[in-house]
file input_25.csv (CSV, C-alpha atoms and all ligand atoms)
chain,number,residue,atom,x,y,z
A,738,MET,CA,-16.7,-14.7,-11.0
A,739,ALA,CA,-16.5,-13.0,-7.6
A,740,ARG,CA,-15.8,-9.3,-7.3
A,741,ILE,CA,-13.0,-7.9,-5.2
A,742,LEU,CA,-13.0,-4.3,-4.2
A,743,ILE,CA,-9.6,-2.7,-4.2
A,744,PRO,CA,-8.8,0.0,-1.6
A,745,THR,CA,-7.7,3.3,-3.1
A,746,PRO,CA,-3.9,3.0,-2.2
A,747,LEU,CA,-3.7,-0.4,-3.7
A,748,ARG,CA,-5.2,0.5,-7.1
A,749,GLN,CA,-1.8,1.5,-8.4
A,750,PHE,CA,-0.8,-2.1,-8.1
A,751,ALA,CA,-3.9,-3.3,-9.9
A,752,GLU,CA,-3.7,-1.3,-13.1
A,753,LYS,CA,-5.8,1.4,-11.4
A,754,ASN,CA,-8.9,-0.8,-11.1
A,755,ASP,CA,-11.2,-0.1,-8.2
A,756,ASN,CA,-12.7,-3.5,-8.4
A,757,VAL,CA,-11.7,-6.7,-10.1
A,758,GLU,CA,-13.6,-9.9,-11.1
A,759,VAL,CA,-11.6,-13.1,-10.6
A,760,ALA,CA,-12.5,-16.8,-10.6
A,761,GLY,CA,-12.3,-19.1,-7.6
A,762,ALA,CA,-14.4,-21.4,-5.5
A,763,THR,CA,-13.0,-20.3,-2.1
A,764,VAL,CA,-11.6,-17.0,-0.7
A,765,GLY,CA,-8.1,-18.5,-0.9
A,766,GLU,CA,-8.5,-19.3,-4.6
A,767,VAL,CA,-9.9,-15.8,-5.4
A,768,LEU,CA,-7.0,-14.1,-3.6
A,769,THR,CA,-4.5,-16.4,-5.4
A,770,ALA,CA,-6.1,-15.5,-8.7
A,771,LEU,CA,-6.0,-11.8,-7.8
A,772,THR,CA,-2.3,-11.8,-6.8
A,773,THR,CA,-1.4,-13.9,-9.8
A,774,ARG,CA,-3.0,-11.4,-12.1
A,775,PHE,CA,-1.4,-8.5,-10.2
A,776,PRO,CA,1.8,-9.7,-8.6
A,777,ASP,CA,2.6,-6.3,-7.1
A,778,LEU,CA,-0.4,-6.6,-4.9
A,779,LYS,CA,1.0,-9.7,-3.3
A,780,LYS,CA,3.7,-8.0,-1.1
A,781,ASN,CA,1.1,-5.6,0.1
A,782,LEU,CA,-1.2,-8.3,1.2
A,783,TYR,CA,1.1,-11.1,2.2
A,784,ASN,CA,4.3,-11.3,4.3
A,785,ASP,CA,7.5,-13.2,3.4
A,786,GLU,CA,6.0,-16.4,5.0
A,787,GLY,CA,3.1,-16.2,2.5
A,788,LYS,CA,0.6,-15.4,5.2
A,789,LEU,CA,-1.9,-12.5,5.0
A,790,ARG,CA,-0.2,-9.5,6.8
A,791,SER,CA,-1.3,-8.9,10.4
A,792,PHE,CA,-3.2,-5.7,9.4
A,793,VAL,CA,-5.1,-7.3,6.5
A,794,ASN,CA,-8.7,-8.4,7.1
A,795,VAL,CA,-10.8,-9.9,4.3
A,796,TYR,CA,-14.5,-9.5,4.3
A,797,LEU,CA,-16.9,-11.7,2.3
A,798,ASN,CA,-19.8,-9.3,1.8
A,799,ASP,CA,-20.4,-8.1,5.4
A,800,GLU,CA,-18.5,-10.9,7.2
A,801,ASP,CA,-15.0,-11.2,8.4
A,802,ILE,CA,-13.7,-14.5,6.8
A,803,ARG,CA,-11.9,-15.1,10.2
A,804,TYR,CA,-15.3,-16.2,11.5
A,805,THR,CA,-16.6,-18.0,8.4
A,806,GLY,CA,-13.8,-20.5,7.6
A,807,LYS,CA,-10.9,-18.2,6.7
A,808,GLU,CA,-9.4,-18.8,3.3
A,809,ALA,CA,-11.4,-22.0,2.8
A,810,THR,CA,-14.7,-20.0,2.9
A,811,ALA,CA,-16.8,-20.8,-0.2
A,812,VAL,CA,-17.3,-18.0,-2.7
A,813,THR,CA,-20.1,-17.7,-5.3
A,814,ASP,CA,-20.4,-15.4,-8.3
A,815,ALA,CA,-22.8,-13.1,-6.4
A,816,ASP,CA,-20.2,-12.4,-3.7
A,817,THR,CA,-18.1,-9.3,-3.1
A,818,LEU,CA,-14.8,-9.4,-1.2
A,819,SER,CA,-13.3,-6.4,0.5
A,820,ILE,CA,-9.8,-5.9,1.8
A,821,VAL,CA,-10.0,-4.0,5.1
A,822,PRO,CA,-7.1,-3.0,7.4
A,823,SER,CA,-6.8,-3.3,11.2
A,824,ILE,CA,-5.9,0.0,12.7
A,825,ALA,CA,-5.2,1.0,16.3
A,826,GLY,CA,-2.6,3.0,18.3
A,827,GLY,CA,-2.0,5.2,21.2
A,828,ALA,CA,0.1,8.1,22.4
A,829,HIS,CA,2.1,6.1,25.0
A,830,VAL,CA,4.5,3.3,24.6
A,831,GLY,CA,3.4,0.0,26.2
B,866,MET,CA,1.6,16.4,0.5
B,867,MET,CA,-1.8,16.5,2.1
B,868,HIS,CA,-4.3,19.4,2.6
B,869,ILE,CA,-7.4,19.2,4.7
B,870,GLU,CA,-10.2,21.6,3.7
B,871,ARG,CA,-12.0,23.9,6.2
B,872,GLY,CA,-15.1,21.8,6.8
B,873,PRO,CA,-13.5,18.4,7.6
B,874,TRP,CA,-10.7,20.2,9.5
B,875,ARG,CA,-13.2,21.9,11.8
B,876,GLU,CA,-15.0,18.6,12.4
B,877,MET,CA,-11.7,16.8,13.2
B,878,VAL,CA,-10.6,19.6,15.7
B,879,ASN,CA,-14.1,19.6,17.3
B,880,HIS,CA,-14.1,15.8,17.6
B,881,ALA,CA,-10.6,15.8,19.2
B,882,GLN,CA,-11.5,18.5,21.6
B,883,ALA,CA,-14.9,16.9,22.5
B,884,VAL,CA,-13.5,13.6,23.5
B,885,TYR,CA,-10.5,15.0,25.4
B,886,PRO,CA,-9.0,13.7,27.7
B,887,ASN,CA,-9.5,10.6,25.5
B,888,GLU,CA,-8.2,9.9,22.1
B,889,CYS,CA,-10.5,10.3,19.1
B,890,CYS,CA,-10.3,8.6,15.7
B,891,GLY,CA,-11.9,8.8,12.3
B,892,ALA,CA,-11.4,8.5,8.6
B,893,MET,CA,-10.6,11.1,5.9
B,894,LEU,CA,-12.0,11.0,2.4
B,895,GLY,CA,-11.1,13.1,-0.5
B,896,ARG,CA,-9.1,13.2,-3.7
B,897,ILE,CA,-5.7,11.9,-4.6
B,898,ASP,CA,-3.9,13.4,-7.6
B,899,GLY,CA,-0.4,12.0,-7.8
B,900,ASP,CA,1.3,13.0,-4.5
B,901,ASN,CA,-1.3,15.6,-3.7
B,902,LYS,CA,-4.1,14.5,-1.4
B,903,THR,CA,-7.0,16.8,-0.5
B,904,VAL,CA,-9.3,15.8,2.3
B,905,SER,CA,-12.9,17.0,1.7
B,906,VAL,CA,-14.8,14.8,4.1
B,907,ALA,CA,-14.1,13.7,7.7
B,908,MET,CA,-15.9,10.7,9.1
B,909,VAL,CA,-16.1,10.5,12.9
B,910,LEU,CA,-15.7,6.9,14.0
B,911,ASP,CA,-15.9,5.2,17.4
B,912,ASN,CA,-12.8,4.5,19.5
B,913,VAL,CA,-13.5,0.9,20.5
B,914,SER,CA,-10.3,0.4,22.5
B,915,GLN,CA,-11.1,-1.6,25.7
B,916,GLY,CA,-10.2,0.1,29.0
B,917,SER,CA,-8.8,3.6,29.2
B,918,GLN,CA,-8.9,5.5,26.0
B,919,ALA,CA,-6.7,8.3,27.3
B,920,ALA,CA,-3.7,6.9,25.4
B,921,ARG,CA,-5.2,4.2,23.2
B,922,TYR,CA,-7.5,4.1,20.2
B,923,GLU,CA,-8.8,1.2,18.0
B,924,LEU,CA,-11.0,1.3,15.0
B,925,ARG,CA,-13.6,-1.4,14.1
B,926,PRO,CA,-12.7,-3.0,10.8
B,927,GLU,CA,-16.5,-2.8,10.0
B,928,ASP,CA,-16.3,1.0,10.3
B,929,LEU,CA,-13.4,1.1,7.9
B,930,LEU,CA,-15.4,-1.0,5.5
B,931,LYS,CA,-18.2,1.5,5.9
B,932,ALA,CA,-15.8,4.4,5.2
B,933,ASP,CA,-14.5,2.7,2.1
B,934,ARG,CA,-18.1,2.1,0.8
B,935,GLU,CA,-19.0,5.7,1.6
B,936,ALA,CA,-16.0,6.9,-0.4
B,937,ARG,CA,-17.0,4.8,-3.4
B,938,ALA,CA,-20.6,6.0,-3.2
B,939,ARG,CA,-19.4,9.6,-3.2
B,940,GLY,CA,-16.8,9.1,-5.9
B,941,LEU,CA,-14.0,9.9,-3.5
B,942,ASP,CA,-10.9,8.1,-2.3
B,943,MET,CA,-10.2,6.9,1.2
B,944,ILE,CA,-7.1,8.9,2.1
B,945,GLY,CA,-6.3,8.2,5.7
B,946,ILE,CA,-7.1,8.0,9.4
B,947,TYR,CA,-6.9,10.6,12.0
B,948,HIS,CA,-6.5,10.3,15.8
B,949,SER,CA,-5.6,12.6,18.7
B,950,HIS,CA,-2.9,12.6,21.3
B,951,PRO,CA,-4.3,14.2,24.5
B,952,ASP,CA,-1.6,16.2,26.3
B,953,CYS,CA,1.1,14.7,24.1
B,954,ASP,CA,2.8,15.9,20.9
B,955,ALA,CA,1.7,14.7,17.5
B,956,TYR,CA,4.5,12.1,17.0
B,957,PHE,CA,3.9,8.7,15.6
B,958,SER,CA,4.3,6.5,18.7
B,959,GLU,CA,5.6,2.9,18.9
B,960,THR,CA,2.0,1.8,19.6
B,961,ASP,CA,0.8,3.7,16.6
B,962,LEU,CA,3.5,2.1,14.4
B,963,LYS,CA,2.9,-1.4,15.6
B,964,ASN,CA,-0.8,-1.2,14.8
B,965,SER,CA,-0.6,0.8,11.6
B,966,CYS,CA,-1.3,0.0,7.9
B,967,PRO,CA,1.1,1.3,5.2
B,968,TRP,CA,-1.7,2.1,2.7
B,969,TYR,CA,-2.9,5.3,4.4
B,970,SER,CA,-1.8,8.6,5.7
B,971,PHE,CA,-2.1,8.9,9.5
B,972,VAL,CA,-2.9,12.4,10.8
B,973,VAL,CA,-2.1,12.8,14.5
B,974,MET,CA,-3.6,15.8,16.3
B,975,SER,CA,-2.0,17.1,19.6
B,976,VAL,CA,-4.6,18.4,22.1
B,977,GLN,CA,-3.1,20.3,25.0
B,978,LYS,CA,-5.3,20.9,28.0
B,979,GLY,CA,-8.4,20.4,25.9
B,980,THR,CA,-7.4,22.7,23.0
B,981,PHE,CA,-6.0,21.7,19.6
B,982,ASN,CA,-2.3,22.6,19.5
B,983,HIS,CA,-0.6,21.1,16.4
B,984,ALA,CA,-0.8,18.2,13.9
B,985,ASN,CA,1.4,16.0,11.7
B,986,SER,CA,0.7,13.5,9.0
B,987,TRP,CA,2.7,10.2,8.9
B,988,LEU,CA,3.2,7.4,6.3
B,989,PRO,CA,4.2,4.1,8.0
B,990,ASN,CA,6.0,1.4,6.1
B,991,ALA,CA,4.7,-2.2,5.5
B,992,GLU,CA,7.1,-3.7,8.1
B,993,GLN,CA,5.7,-1.3,10.8
B,994,THR,CA,9.3,-0.2,11.7
B,995,HIS,CA,9.3,3.4,10.5
B,996,ALA,CA,6.9,6.2,9.6
B,997,GLU,CA,7.9,9.1,7.2
B,998,LYS,CA,6.5,12.6,7.9
B,999,GLU,CA,4.3,13.9,5.2
B,1000,GLU,CA,3.8,17.6,4.6
B,1001,LEU,CA,0.4,18.6,6.0
B,1002,THR,CA,-1.6,21.9,5.6
B,1003,TRP,CA,-5.0,23.0,6.9
B,1004,PRO,CA,-6.8,26.4,6.6
B,1005,GLU,CA,-5.2,28.1,9.6
B,1006,SER,CA,-1.8,26.4,9.3
A,1101,ZN,ZN,-1.1,8.0,18.3

call {"tool": "encode", "arguments": {"input": "input_25.csv", "output": "structure tokens", "more": "lines below"}}
Ligand SMILES: [Zn+2]
result
Amino acid sequence: MARILIPTPLRQFAEKNDNVEVAGATVGEVLTALTTRFPDLKKNLYNDEGKLRSFVNVYLNDEDIRYTGKEATAVTDADTLSIVPSIAGGAHVG
Amino acid sequence: MMHIERGPWREMVNHAQAVYPNECCGAMLGRIDGDNKTVSVAMVLDNVSQGSQAARYELRPEDLLKADREARARGLDMIGIYHSHPDCDAYFSETDLKNSCPWYSFVVMSVQKGTFNHANSWLPNAEQTHAEKEELTWPES
């Protein structure tokens, strides 16, 4: 089973676990297994259209899955997934 | 509420003043006990915004991954993100809101003419439409 690291603020939705092991052959399957087990995590990670929220990045070990095949990326038992936000900003509008 | 300890606070102020007139950014690690957050470590991170950084900042996701790993290695929690507003007040701007993440506290530091002036902490919502002000204290506040 692959390991998923849960960011601090989301642990409250995952029974306080800081990491969780779930089954799945792809990143998509692993994320589905995770949000099935902890339904409250789902609205934090996905929008109403069922897409990962714009600020959510998923890393398979050290690689952004956006560049490895997105949710179809293959996962093995030795892999660790991390949930990492996108953050930017600026003082002025526009 | 959030409290920032003397060590990390000094680093954050120094960082904000050092990169003035540009915006600085970094991560804050510490402990969360219910609604009480205490920042004990500040991690200076790169502003990778393309073009002028006088009114923009952007963090590398890889650096946030590093900050999360650092927190785990030290047995701490990742509490939030800080950035500065050169010659602007410490409000949470529309740009800040549209590029935020609701999981973390966002400390904004106002730097006026190169010197730290005031700071606020903000909690954005998941829809990126609103940010709630969070009570923030630091050693000289
Ligand atoms: Zn800002």

call {"tool": "interface_residues", "arguments": {"input": "input_25.csv", "of": "chain A", "to": "chain B", "cutoff": "10 Å", "atoms": "all atoms listed in the file", "output": "short mmCIF file (atom, residue, chain, number, x, y, z; two decimals) with C-alpha atoms, in the frame of the given file"}}
result
data_model
loop_
_atom_site.label_atom_id
_atom_site.label_comp_id
_atom_site.auth_asym_id
_atom_site.auth_seq_id
_atom_site.Cartn_x
_atom_site.Cartn_y
_atom_site.Cartn_z
CA LEU A 742 -13.00 -4.30 -4.20
CA ILE A 743 -9.60 -2.70 -4.20
CA PRO A 744 -8.80 0.00 -1.60
CA THR A 745 -7.70 3.30 -3.10
CA PRO A 746 -3.90 3.00 -2.20
CA LEU A 747 -3.70 -0.40 -3.70
CA ASP A 755 -11.20 -0.10 -8.20
CA LYS A 780 3.70 -8.00 -1.10
CA ASN A 781 1.10 -5.60 0.10
CA LEU A 782 -1.20 -8.30 1.20
CA ASN A 784 4.30 -11.30 4.30
CA ARG A 790 -0.20 -9.50 6.80
CA SER A 791 -1.30 -8.90 10.40
CA PHE A 792 -3.20 -5.70 9.40
CA VAL A 793 -5.10 -7.30 6.50
CA ASN A 794 -8.70 -8.40 7.10
CA VAL A 795 -10.80 -9.90 4.30
CA TYR A 796 -14.50 -9.50 4.30
CA ASP A 799 -20.40 -8.10 5.40
CA GLU A 800 -18.50 -10.90 7.20
CA ASP A 801 -15.00 -11.20 8.40
CA SER A 819 -13.30 -6.40 0.50
CA ILE A 820 -9.80 -5.90 1.80
CA VAL A 821 -10.00 -4.00 5.10
CA PRO A 822 -7.10 -3.00 7.40
CA SER A 823 -6.80 -3.30 11.20
CA ILE A 824 -5.90 0.00 12.70
CA ALA A 825 -5.20 1.00 16.30
CA GLY A 826 -2.60 3.00 18.30
CA GLY A 827 -2.00 5.20 21.20
CA ALA A 828 0.10 8.10 22.40
CA HIS A 829 2.10 6.10 25.00
CA VAL A 830 4.50 3.30 24.60
CA GLY A 831 3.40 0.00 26.20
#

call {"tool": "atom_distance", "arguments": {"input": "input_25.csv", "atom1": "CA of Val757 in chain A", "atom2": "CA of Tyr783 in chain A"}}
result
18.3 Å

call {"tool": "residues_around", "arguments": {"input": "input_25.csv", "residues": "Met908 in chain B", "least_positions_apart": "3", "cutoff": "9 Å", "atoms": "only C-alpha atoms", "output": "PyMOL selection string"}}
result
chain B and resi 873+876-877+890-894+932

call {"tool": "residues_around", "arguments": {"input": "input_25.csv", "residues": "His880 in chain B", "least_positions_apart": "4", "cutoff": "8 Å", "atoms": "only C-alpha atoms", "output": "list in words"}}
result
Glu876, Val884, Cys889 and Val909 of chain B

call {"tool": "closest_residue", "arguments": {"input": "input_25.csv", "among": "B:Val972, B:Pro1004, B:Asn990, B:Glu999", "to": "ligand ZN 1101 (chain A)", "atoms": "all atoms listed in the file"}}
result
B:Val972

call {"tool": "atom_distance", "arguments": {"input": "input_25.csv", "atom1": "CA of Ala760 in chain A", "atom2": "CA of Asp777 in chain A"}}
result
18.7 Å

call {"tool": "atom_distance", "arguments": {"input": "input_25.csv", "atom1": "CA of Met866 in chain B", "atom2": "CA of Asn887 in chain B"}}
result
28.0 Å

call {"tool": "residues_around", "arguments": {"input": "input_25.csv", "residues": "Leu778 in chain A", "least_positions_apart": "5", "cutoff": "9 Å", "atoms": "all atoms listed in the file", "output": "list in words"}}
result
Leu747, Arg748, Gln749, Phe750, Ala751, Leu771, Thr772, Thr773 and Tyr783 of chain A

call {"tool": "residues_near_point", "arguments": {"input": "input_25.csv", "point": "(-15.8, -8.8, -3.1)", "cutoff": "6 Å", "atoms": "only C-alpha atoms", "output": "number ranges by chain"}}
result
A: 740-742, 816-819

call {"tool": "closest_residue", "arguments": {"input": "input_25.csv", "among": "B:Trp1003, B:Ile869, B:Val904, B:Ser986", "to": "ligand ZN 1101 (chain A)", "atoms": "all atoms listed in the file"}}
result
B:Ser986

call {"tool": "closest_residue", "arguments": {"input": "input_25.csv", "among": "B:Lys998, B:Trp987, B:Thr980, B:Gly872", "to": "ligand ZN 1101 (chain A)", "atoms": "all atoms listed in the file"}}
result
B:Trp987

call {"tool": "closest_residue", "arguments": {"input": "input_25.csv", "among": "B:Met974, B:Glu997, B:Ser1006, B:Gly979", "to": "ligand ZN 1101 (chain A)", "atoms": "all atoms listed in the file"}}
result
B:Met974

call {"tool": "residues_around", "arguments": {"input": "input_25.csv", "residues": "Glu1005 in chain B", "least_positions_apart": "2", "cutoff": "10 Å", "atoms": "only C-alpha atoms", "output": "list in words"}}
result
Arg871, Trp874, Thr1002 and Trp1003 of chain B

call {"tool": "residues_around", "arguments": {"input": "input_25.csv", "residues": "Leu768 in chain A", "least_positions_apart": "6", "cutoff": "9 Å", "atoms": "only C-alpha atoms", "output": "VMD selection string"}}
result
chain A and resid 741 759 761 808

call {"tool": "closest_residue", "arguments": {"input": "input_25.csv", "among": "B:Ala907, B:Ala938, B:Val976, B:Leu1001", "to": "ligand ZN 1101 (chain A)", "atoms": "all atoms listed in the file"}}
result
B:Val976

call {"tool": "decode", "arguments": {"input": "input_25.csv", "residues": "range 752-763 of chain A", "atoms": "all heavy atoms", "output": "mmCIF file, in the first residue's frame"}}
result
data_model
loop_
_atom_site.group_PDB
_atom_site.id
_atom_site.type_symbol
_atom_site.label_atom_id
_atom_site.label_comp_id
_atom_site.auth_asym_id
_atom_site.auth_seq_id
_atom_site.Cartn_x
_atom_site.Cartn_y
_atom_site.Cartn_z
ATOM 1 N N GLU A 752 -8.946 11.567 11.073
ATOM 2 C CA GLU A 752 -8.811 10.949 12.398
ATOM 3 C C GLU A 752 -7.444 11.209 13.015
ATOM 4 O O GLU A 752 -6.838 10.341 13.640
ATOM 5 C CB GLU A 752 -9.107 9.446 12.313
ATOM 6 C CG GLU A 752 -10.574 9.170 12.005
ATOM 7 C CD GLU A 752 -10.853 7.725 11.603
ATOM 8 O OE1 GLU A 752 -9.930 6.891 11.685
ATOM 9 O OE2 GLU A 752 -11.989 7.462 11.197
ATOM 10 N N LYS A 753 -6.924 12.432 12.788
ATOM 11 C CA LYS A 753 -5.666 12.907 13.384
ATOM 12 C C LYS A 753 -4.412 12.188 12.867
ATOM 13 O O LYS A 753 -3.324 12.366 13.415
ATOM 14 C CB LYS A 753 -5.709 12.816 14.921
ATOM 15 C CG LYS A 753 -6.893 13.559 15.540
ATOM 16 C CD LYS A 753 -6.410 14.572 16.570
ATOM 17 C CE LYS A 753 -7.421 15.656 16.846
ATOM 18 N NZ LYS A 753 -8.608 15.208 17.575
ATOM 19 N N ASN A 754 -4.553 11.377 11.821
ATOM 20 C CA ASN A 754 -3.372 10.704 11.268
ATOM 21 C C ASN A 754 -2.468 11.693 10.533
ATOM 22 O O ASN A 754 -2.961 12.548 9.809
ATOM 23 C CB ASN A 754 -3.805 9.638 10.256
ATOM 24 C CG ASN A 754 -4.425 8.442 10.935
ATOM 25 O OD1 ASN A 754 -3.774 7.752 11.699
ATOM 26 N ND2 ASN A 754 -5.697 8.204 10.672
ATOM 27 N N ASP A 755 -1.143 11.561 10.703
ATOM 28 C CA ASP A 755 -0.264 12.417 9.899
ATOM 29 C C ASP A 755 0.173 11.711 8.623
ATOM 30 O O ASP A 755 0.715 12.320 7.712
ATOM 31 C CB ASP A 755 0.923 12.964 10.701
ATOM 32 C CG ASP A 755 1.891 11.885 11.150
ATOM 33 O OD1 ASP A 755 1.666 10.698 10.846
ATOM 34 O OD2 ASP A 755 2.874 12.243 11.806
ATOM 35 N N ASN A 756 -0.073 10.400 8.564
ATOM 36 C CA ASN A 756 0.083 9.700 7.294
ATOM 37 C C ASN A 756 -0.846 8.496 7.293
ATOM 38 O O ASN A 756 -1.225 8.001 8.358
ATOM 39 C CB ASN A 756 1.540 9.301 7.050
ATOM 40 C CG ASN A 756 1.985 8.162 7.939
ATOM 41 O OD1 ASN A 756 1.836 7.001 7.592
ATOM 42 N ND2 ASN A 756 2.522 8.496 9.113
ATOM 43 N N VAL A 757 -1.228 8.085 6.084
ATOM 44 C CA VAL A 757 -2.212 7.018 5.941
ATOM 45 C C VAL A 757 -1.732 6.091 4.833
ATOM 46 O O VAL A 757 -1.184 6.545 3.832
ATOM 47 C CB VAL A 757 -3.590 7.621 5.540
ATOM 48 C CG1 VAL A 757 -4.598 6.522 5.287
ATOM 49 C CG2 VAL A 757 -4.098 8.583 6.606
ATOM 50 N N GLU A 758 -1.922 4.789 5.024
ATOM 51 C CA GLU A 758 -1.590 3.842 3.954
ATOM 52 C C GLU A 758 -2.873 3.373 3.305
ATOM 53 O O GLU A 758 -3.803 2.944 3.993
ATOM 54 C CB GLU A 758 -0.826 2.642 4.523
ATOM 55 C CG GLU A 758 0.597 3.012 4.897
ATOM 56 C CD GLU A 758 1.472 1.791 5.148
ATOM 57 O OE1 GLU A 758 0.917 0.693 5.321
ATOM 58 O OE2 GLU A 758 2.701 1.949 5.155
ATOM 59 N N VAL A 759 -2.937 3.528 1.988
ATOM 60 C CA VAL A 759 -4.129 3.066 1.269
ATOM 61 C C VAL A 759 -3.710 2.321 0.012
ATOM 62 O O VAL A 759 -2.614 2.512 -0.526
ATOM 63 C CB VAL A 759 -5.082 4.228 0.889
ATOM 64 C CG1 VAL A 759 -5.791 4.774 2.105
ATOM 65 C CG2 VAL A 759 -4.368 5.313 0.148
ATOM 66 N N ALA A 760 -4.631 1.455 -0.465
ATOM 67 C CA ALA A 760 -4.357 0.649 -1.647
ATOM 68 C C ALA A 760 -4.711 1.430 -2.910
ATOM 69 O O ALA A 760 -5.561 2.313 -2.883
ATOM 70 C CB ALA A 760 -5.151 -0.643 -1.578
ATOM 71 N N GLY A 761 -4.077 1.068 -4.017
ATOM 72 C CA GLY A 761 -4.379 1.689 -5.299
ATOM 73 C C GLY A 761 -3.209 1.523 -6.242
ATOM 74 O O GLY A 761 -2.058 1.564 -5.816
ATOM 75 N N ALA A 762 -3.518 1.307 -7.547
ATOM 76 C CA ALA A 762 -2.462 1.108 -8.533
ATOM 77 C C ALA A 762 -2.061 2.413 -9.205
ATOM 78 O O ALA A 762 -1.014 2.498 -9.839
ATOM 79 C CB ALA A 762 -2.935 0.100 -9.588
ATOM 80 N N THR A 763 -2.923 3.435 -9.079
ATOM 81 C CA THR A 763 -2.614 4.740 -9.664
ATOM 82 C C THR A 763 -2.847 5.821 -8.610
ATOM 83 O O THR A 763 -3.502 5.584 -7.591
ATOM 84 C CB THR A 763 -3.529 5.059 -10.860
ATOM 85 O OG1 THR A 763 -4.886 5.140 -10.387
ATOM 86 C CG2 THR A 763 -3.434 4.020 -11.960
#
